[in-house]
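To start, the structure itself, in structure tokens.
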Amino acid sequence: MNKSNNLSKIDTSIVTDLPADPESSSYKQYKRSLLRFPDESIYIYSFKDKKLIYADGWEETLGFKDDEITLQTIIKQTDPSYAAFSNEINAKTIEFILSKKTGIKNYSFTVELKKIHRNGSMVPMEVKIGILSVDEDGMVNDIIGRFRINRNLHLGMVMRYDVQGPDKEEFEEVINKAVQKFWTISGKEKEALIYVAKGFSFKEIAEILGVSSSAIEKRVQPLYKRFNVKNLTHLVSFAYENHILP
């Protein structure tokens with residue numbers, strides 16, 4: 001498993017170190033209209049302006065004031081063991097979404113990450129990144145990120161993520177290939193594994209999920225090689241030991 005903190009992948013011409021302006025009209029509008037839950041922080045990043053245009057809740061979650069946090073800071077506060085994975089999935093997700101001509105606003109991804117608080121403590125977070133707005137040519141203008149602390153998360157060596165969108169199958173296949181050098185499991189793979197752990201056959205799982213048996217095989221069998229396990233029993237045991245399954 002790759003544990004390098006590959007911050008060199010941050011393209012500073014796109015991901016800048018500029019904070020949001022709380023006095024701007026757009027900031028005030030988002031402050032009025034966006035609902036934020038306890039233990040949650042939000043950012044909105046503009047590719048047009050190349051800066052954060054909104055930030056809320058960051059002192060509560062990572063210890064940074066909303067008028068000083070930047071997207072570079074948010075990225076750099078990822079635990080080193082998760083940084084390379086986080087950078088890779090971010091880059092490939094944006095690349096995939098930008099390749100689409102329609103329905104861009106319907107794509108998003110979620111990931112569970114170890115973030116580092118300003119005081120040095122580890123913060124387990126569920127992160128969702130989506131497209132907030134596109135321009136008249138269909139290109140991404142603004143993205144929105146929601147970071148929620150979940151102290152019940154047990155984050156170990158296996159990194160968990162999921163993708164959403166009209167072409168979910170293709171989207172997940174692209175991301176799977178991009179992050180296969182890490183120990184990861186996708187939302188669909190975990191869904192199938194949950195049923196396996198309950199004793200359902202591939203055929204029964206396929207009927208429950210409304211897919212073919214071969215589709216379930218394609219979700220489960222690659223996990224053998226990825227996690228170096230020899231059979232289903234070993235795989236389920238590995239999943240429990242590494243907090244993939246509750």
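Residue names in the structure tokens use chain letters A, B, ... in the order shown, residue numbers from 1 in each chain, and ligand numbers from 1 in the order shown.
Near Ile144 (chain A), within 7 Å and counting only C-alpha atoms, sit Tyr43, Ile44, Tyr45, Ile129, Gly130, Ile131 and Leu132 of chain A, not including residues fewer than 5 positions from it in the same chain.
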Next item on the list: Pick out each residue of region 21-141 of chain A that DSSP on the backbone tags as helix (DSSP H, G or I); I need them as an MDAnalysis selection string.
Entry: chainID A and resid 25:33 58:61 71:76 80:98 104:106
Residues just named, written with N, CA and C atoms as a tab-separated table (two decimals), in the first residue's frame:
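See again.tsv below for the written result:
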chain	number	residue	atom	x	y	z
A	25	SER	N	-20.62	39.48	-1.83
A	25	SER	CA	-22.06	39.24	-1.93
A	25	SER	C	-22.38	37.75	-2.06
A	26	SER	N	-21.53	37.02	-2.81
A	26	SER	CA	-21.78	35.58	-3.00
A	26	SER	C	-21.60	34.84	-1.68
A	27	TYR	N	-20.60	35.22	-0.89
A	27	TYR	CA	-20.37	34.59	0.41
A	27	TYR	C	-21.59	34.79	1.31
A	28	LYS	N	-22.09	36.01	1.36
A	28	LYS	CA	-23.24	36.32	2.21
A	28	LYS	C	-24.48	35.57	1.75
A	29	GLN	N	-24.61	35.41	0.43
A	29	GLN	CA	-25.76	34.67	-0.10
A	29	GLN	C	-25.70	33.21	0.31
A	30	TYR	N	-24.52	32.58	0.19
A	30	TYR	CA	-24.38	31.19	0.59
A	30	TYR	C	-24.57	31.04	2.10
A	31	LYS	N	-24.12	32.01	2.86
A	31	LYS	CA	-24.27	31.96	4.31
A	31	LYS	C	-25.75	31.91	4.70
A	32	ARG	N	-26.56	32.62	3.94
A	32	ARG	CA	-28.00	32.63	4.21
A	32	ARG	C	-28.70	31.36	3.71
A	33	SER	N	-28.22	30.81	2.61
A	33	SER	CA	-28.98	29.76	1.94
A	33	SER	C	-28.50	28.33	2.20
A	58	TRP	N	-15.10	25.62	9.63
A	58	TRP	CA	-13.77	25.01	9.64
A	58	TRP	C	-13.06	25.12	10.98
A	59	GLU	N	-13.40	26.13	11.76
A	59	GLU	CA	-12.79	26.21	13.10
A	59	GLU	C	-13.33	25.08	13.98
A	60	GLU	N	-14.58	24.73	13.76
A	60	GLU	CA	-15.21	23.66	14.54
A	60	GLU	C	-14.64	22.30	14.19
A	61	THR	N	-14.26	22.09	12.93
A	61	THR	CA	-13.81	20.76	12.51
A	61	THR	C	-12.29	20.61	12.48
A	71	LEU	N	-8.22	26.04	-0.02
A	71	LEU	CA	-8.33	24.67	-0.54
A	71	LEU	C	-7.01	23.93	-0.38
A	72	GLN	N	-5.90	24.63	-0.57
A	72	GLN	CA	-4.60	23.99	-0.36
A	72	GLN	C	-4.46	23.51	1.08
A	73	THR	N	-4.90	24.33	2.03
A	73	THR	CA	-4.82	23.95	3.43
A	73	THR	C	-5.67	22.71	3.71
A	74	ILE	N	-6.89	22.69	3.15
A	74	ILE	CA	-7.78	21.55	3.35
A	74	ILE	C	-7.13	20.27	2.83
A	75	ILE	N	-6.49	20.37	1.67
A	75	ILE	CA	-5.82	19.21	1.08
A	75	ILE	C	-4.63	18.78	1.95
A	76	LYS	N	-3.85	19.74	2.39
A	76	LYS	CA	-2.64	19.43	3.15
A	76	LYS	C	-2.94	18.89	4.55
A	80	PRO	N	-0.99	11.77	6.30
A	80	PRO	CA	-0.06	11.27	5.28
A	80	PRO	C	-0.41	9.91	4.71
A	81	SER	N	-0.99	9.02	5.53
A	81	SER	CA	-1.32	7.67	5.05
A	81	SER	C	-2.48	7.69	4.05
A	82	TYR	N	-3.23	8.78	4.01
A	82	TYR	CA	-4.37	8.89	3.11
A	82	TYR	C	-4.16	9.93	2.01
A	83	ALA	N	-3.09	10.70	2.08
A	83	ALA	CA	-2.93	11.86	1.19
A	83	ALA	C	-2.82	11.48	-0.28
A	84	ALA	N	-1.97	10.50	-0.60
A	84	ALA	CA	-1.80	10.12	-2.01
A	84	ALA	C	-3.10	9.58	-2.59
A	85	PHE	N	-3.81	8.75	-1.83
A	85	PHE	CA	-5.11	8.22	-2.25
A	85	PHE	C	-6.10	9.36	-2.47
A	86	SER	N	-6.16	10.31	-1.55
A	86	SER	CA	-7.09	11.43	-1.65
A	86	SER	C	-6.78	12.27	-2.88
A	87	ASN	N	-5.50	12.56	-3.12
A	87	ASN	CA	-5.12	13.36	-4.29
A	87	ASN	C	-5.49	12.64	-5.59
A	88	GLU	N	-5.25	11.32	-5.61
A	88	GLU	CA	-5.52	10.54	-6.83
A	88	GLU	C	-7.01	10.51	-7.16
A	89	ILE	N	-7.83	10.26	-6.14
A	89	ILE	CA	-9.27	10.15	-6.39
A	89	ILE	C	-9.86	11.51	-6.75
A	90	ASN	N	-9.33	12.58	-6.15
A	90	ASN	CA	-9.78	13.92	-6.52
A	90	ASN	C	-9.46	14.23	-7.97
A	91	ALA	N	-8.23	13.97	-8.36
A	91	ALA	CA	-7.79	14.28	-9.72
A	91	ALA	C	-8.56	13.48	-10.77
A	92	LYS	N	-8.73	12.18	-10.54
A	92	LYS	CA	-9.40	11.33	-11.53
A	92	LYS	C	-10.89	11.63	-11.60
A	93	THR	N	-11.48	12.00	-10.46
A	93	THR	CA	-12.90	12.34	-10.46
A	93	THR	C	-13.16	13.58	-11.29
A	94	ILE	N	-12.38	14.63	-11.08
A	94	ILE	CA	-12.55	15.86	-11.86
A	94	ILE	C	-12.30	15.59	-13.34
A	95	GLU	N	-11.27	14.79	-13.63
A	95	GLU	CA	-10.96	14.44	-15.03
A	95	GLU	C	-12.13	13.71	-15.68
A	96	PHE	N	-12.73	12.78	-14.96
A	96	PHE	CA	-13.86	12.02	-15.50
A	96	PHE	C	-15.06	12.93	-15.73
A	97	ILE	N	-15.38	13.75	-14.74
A	97	ILE	CA	-16.55	14.62	-14.85
A	97	ILE	C	-16.40	15.62	-16.00
A	98	LEU	N	-15.20	16.15	-16.16
A	98	LEU	CA	-14.97	17.12	-17.23
A	98	LEU	C	-15.05	16.48	-18.62
A	104	ILE	N	-23.47	16.95	-15.80
A	104	ILE	CA	-22.30	17.10	-14.95
A	104	ILE	C	-22.67	17.36	-13.49
A	105	LYS	N	-23.74	18.13	-13.27
A	105	LYS	CA	-24.12	18.49	-11.91
A	105	LYS	C	-24.64	17.30	-11.11
A	106	ASN	N	-24.88	16.18	-11.78
A	106	ASN	CA	-25.40	14.99	-11.10
A	106	ASN	C	-24.31	14.04	-10.63
Note to self: Can you tell me, as a PyMOL selection string, which residues in region 82-180 of chain A count as strand (DSSP E or B) by DSSP?
What the structure shows: chain A and resi 108-116+122-134+140-149+159-164
Export N, CA and C atoms of the chosen residues as a compact mmCIF listing (two decimals), in the first residue's frame?
# COMPACT_ATOMS: atom_id res chain seq x y z
N SER A 108 -20.98 13.12 -8.26
CA SER A 108 -20.32 13.44 -7.00
C SER A 108 -19.59 12.19 -6.51
N PHE A 109 -18.77 12.36 -5.49
CA PHE A 109 -18.15 11.20 -4.87
C PHE A 109 -18.03 11.44 -3.37
N THR A 110 -18.01 10.35 -2.63
CA THR A 110 -17.83 10.40 -1.19
C THR A 110 -16.61 9.56 -0.82
N VAL A 111 -15.94 9.96 0.23
CA VAL A 111 -14.74 9.25 0.66
C VAL A 111 -14.60 9.44 2.17
N GLU A 112 -14.04 8.44 2.83
CA GLU A 112 -13.76 8.53 4.25
C GLU A 112 -12.27 8.78 4.42
N LEU A 113 -11.93 9.83 5.17
CA LEU A 113 -10.54 10.25 5.27
C LEU A 113 -10.13 10.53 6.71
N LYS A 114 -8.84 10.36 6.95
CA LYS A 114 -8.24 10.87 8.18
C LYS A 114 -7.72 12.27 7.88
N LYS A 115 -8.28 13.26 8.56
CA LYS A 115 -7.79 14.63 8.44
C LYS A 115 -7.04 14.99 9.73
N ILE A 116 -6.19 15.99 9.64
CA ILE A 116 -5.39 16.41 10.78
C ILE A 116 -5.86 17.79 11.25
N MET A 122 -6.01 13.64 15.17
CA MET A 122 -6.62 13.04 13.99
C MET A 122 -8.13 13.22 14.03
N VAL A 123 -8.71 13.57 12.87
CA VAL A 123 -10.15 13.80 12.77
C VAL A 123 -10.71 12.86 11.70
N PRO A 124 -11.55 11.87 12.07
CA PRO A 124 -12.17 10.99 11.07
C PRO A 124 -13.32 11.70 10.38
N MET A 125 -13.29 11.76 9.06
CA MET A 125 -14.28 12.54 8.33
C MET A 125 -14.90 11.78 7.17
N GLU A 126 -16.18 12.04 6.96
CA GLU A 126 -16.88 11.62 5.76
C GLU A 126 -16.96 12.84 4.86
N VAL A 127 -16.46 12.70 3.64
CA VAL A 127 -16.35 13.84 2.73
C VAL A 127 -17.19 13.59 1.48
N LYS A 128 -17.95 14.59 1.08
CA LYS A 128 -18.68 14.50 -0.18
C LYS A 128 -18.34 15.72 -1.03
N ILE A 129 -17.90 15.46 -2.26
CA ILE A 129 -17.55 16.52 -3.21
C ILE A 129 -18.50 16.43 -4.40
N GLY A 130 -19.09 17.55 -4.76
CA GLY A 130 -20.01 17.57 -5.89
C GLY A 130 -19.85 18.83 -6.72
N ILE A 131 -20.58 18.88 -7.81
CA ILE A 131 -20.56 20.03 -8.72
C ILE A 131 -21.70 20.96 -8.35
N LEU A 132 -21.37 22.21 -8.08
CA LEU A 132 -22.39 23.18 -7.68
C LEU A 132 -22.94 23.94 -8.88
N SER A 133 -22.07 24.31 -9.82
CA SER A 133 -22.55 25.07 -10.98
C SER A 133 -21.65 24.83 -12.18
N VAL A 134 -22.22 24.97 -13.36
CA VAL A 134 -21.48 24.86 -14.63
C VAL A 134 -21.76 26.09 -15.47
N VAL A 140 -17.26 23.01 -15.61
CA VAL A 140 -17.46 23.21 -14.18
C VAL A 140 -17.03 24.61 -13.76
N ASN A 141 -17.91 25.32 -13.08
CA ASN A 141 -17.57 26.62 -12.49
C ASN A 141 -17.16 26.44 -11.04
N ASP A 142 -18.07 25.86 -10.23
CA ASP A 142 -17.85 25.76 -8.80
C ASP A 142 -18.08 24.34 -8.31
N ILE A 143 -17.26 23.91 -7.36
CA ILE A 143 -17.48 22.63 -6.70
C ILE A 143 -17.78 22.90 -5.22
N ILE A 144 -18.51 21.99 -4.61
CA ILE A 144 -18.85 22.13 -3.19
C ILE A 144 -18.39 20.89 -2.44
N GLY A 145 -17.77 21.12 -1.31
CA GLY A 145 -17.31 20.03 -0.47
C GLY A 145 -17.93 20.11 0.91
N ARG A 146 -18.43 18.98 1.38
CA ARG A 146 -18.98 18.89 2.74
C ARG A 146 -18.16 17.87 3.53
N PHE A 147 -17.62 18.29 4.65
CA PHE A 147 -16.75 17.46 5.49
C PHE A 147 -17.42 17.29 6.85
N ARG A 148 -17.81 16.07 7.16
CA ARG A 148 -18.51 15.81 8.42
C ARG A 148 -17.70 14.88 9.31
N ILE A 149 -17.47 15.34 10.54
CA ILE A 149 -16.78 14.49 11.51
C ILE A 149 -17.67 13.32 11.90
N MET A 159 -9.16 1.95 2.44
CA MET A 159 -9.78 3.25 2.21
C MET A 159 -11.09 3.07 1.46
N ARG A 160 -12.12 3.73 1.93
CA ARG A 160 -13.47 3.50 1.43
C ARG A 160 -13.98 4.72 0.68
N TYR A 161 -14.64 4.46 -0.45
CA TYR A 161 -15.18 5.55 -1.26
C TYR A 161 -16.40 5.07 -2.02
N ASP A 162 -17.14 6.02 -2.57
CA ASP A 162 -18.28 5.70 -3.43
C ASP A 162 -18.43 6.83 -4.44
N VAL A 163 -19.04 6.50 -5.58
CA VAL A 163 -19.29 7.51 -6.61
C VAL A 163 -20.76 7.51 -6.98
N GLN A 164 -21.25 8.66 -7.42
CA GLN A 164 -22.64 8.80 -7.85
C GLN A 164 -22.67 9.54 -9.18
Notebook entry, point to check: So which residues touch Phe182 (chain A) within 10 Å, counting only C-alpha atoms, skipping near sequence neighbours fewer than 2 positions away, as a count of residues only?
Noted result: 17
Next item on the list: Using only C-alpha atoms, pick whichever of A:Pro166, A:Asp135, A:Ile216, A:Asp67 has the shortest atom-to-atom distance to Lys188 (chain A).
Entry: A:Ile216
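CA of Phe47 (chain A) is positioned 18.6 Å from CA of Glu68 (chain A).
Between CA of Glu207 (chain A) and CA of Lys190 (chain A) the interatomic distance comes to 16.7 Å.
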Next item on the list: Would you list the contacts of Ala239 (chain A) as number ranges by chain, taking every protein, DNA or RNA residue within 12 Å and counting only C-alpha atoms, but skipping same-chain residues closer than 3 positions in sequence?
Entry: A: 156-160, 183-185, 189-190, 193-194, 196-197, 220, 223-224, 227-229, 232-236, 242-246
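For the choices A:Leu18, A:Lys225, A:Val211, A:Gln77, the atom-to-atom distance to Gly120 (chain A) is smallest for A:Gln77 when using only C-alpha atoms.
In this model, the gap between CA of Gly199 (chain A) and CA of Phe238 (chain A) comes to 15.6 Å.
With distances restricted to only C-alpha atoms, A:Asp56 is the closest residue to Pro38 (chain A) from A:Glu23, A:Glu172, A:Glu136, A:Asp56.
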Checklist line | Option closest in space to Ala215 (chain A), from A:Glu241, A:Glu169, A:Ser186, A:Ser24 [counting only C-alpha atoms] | finding: A:Glu169
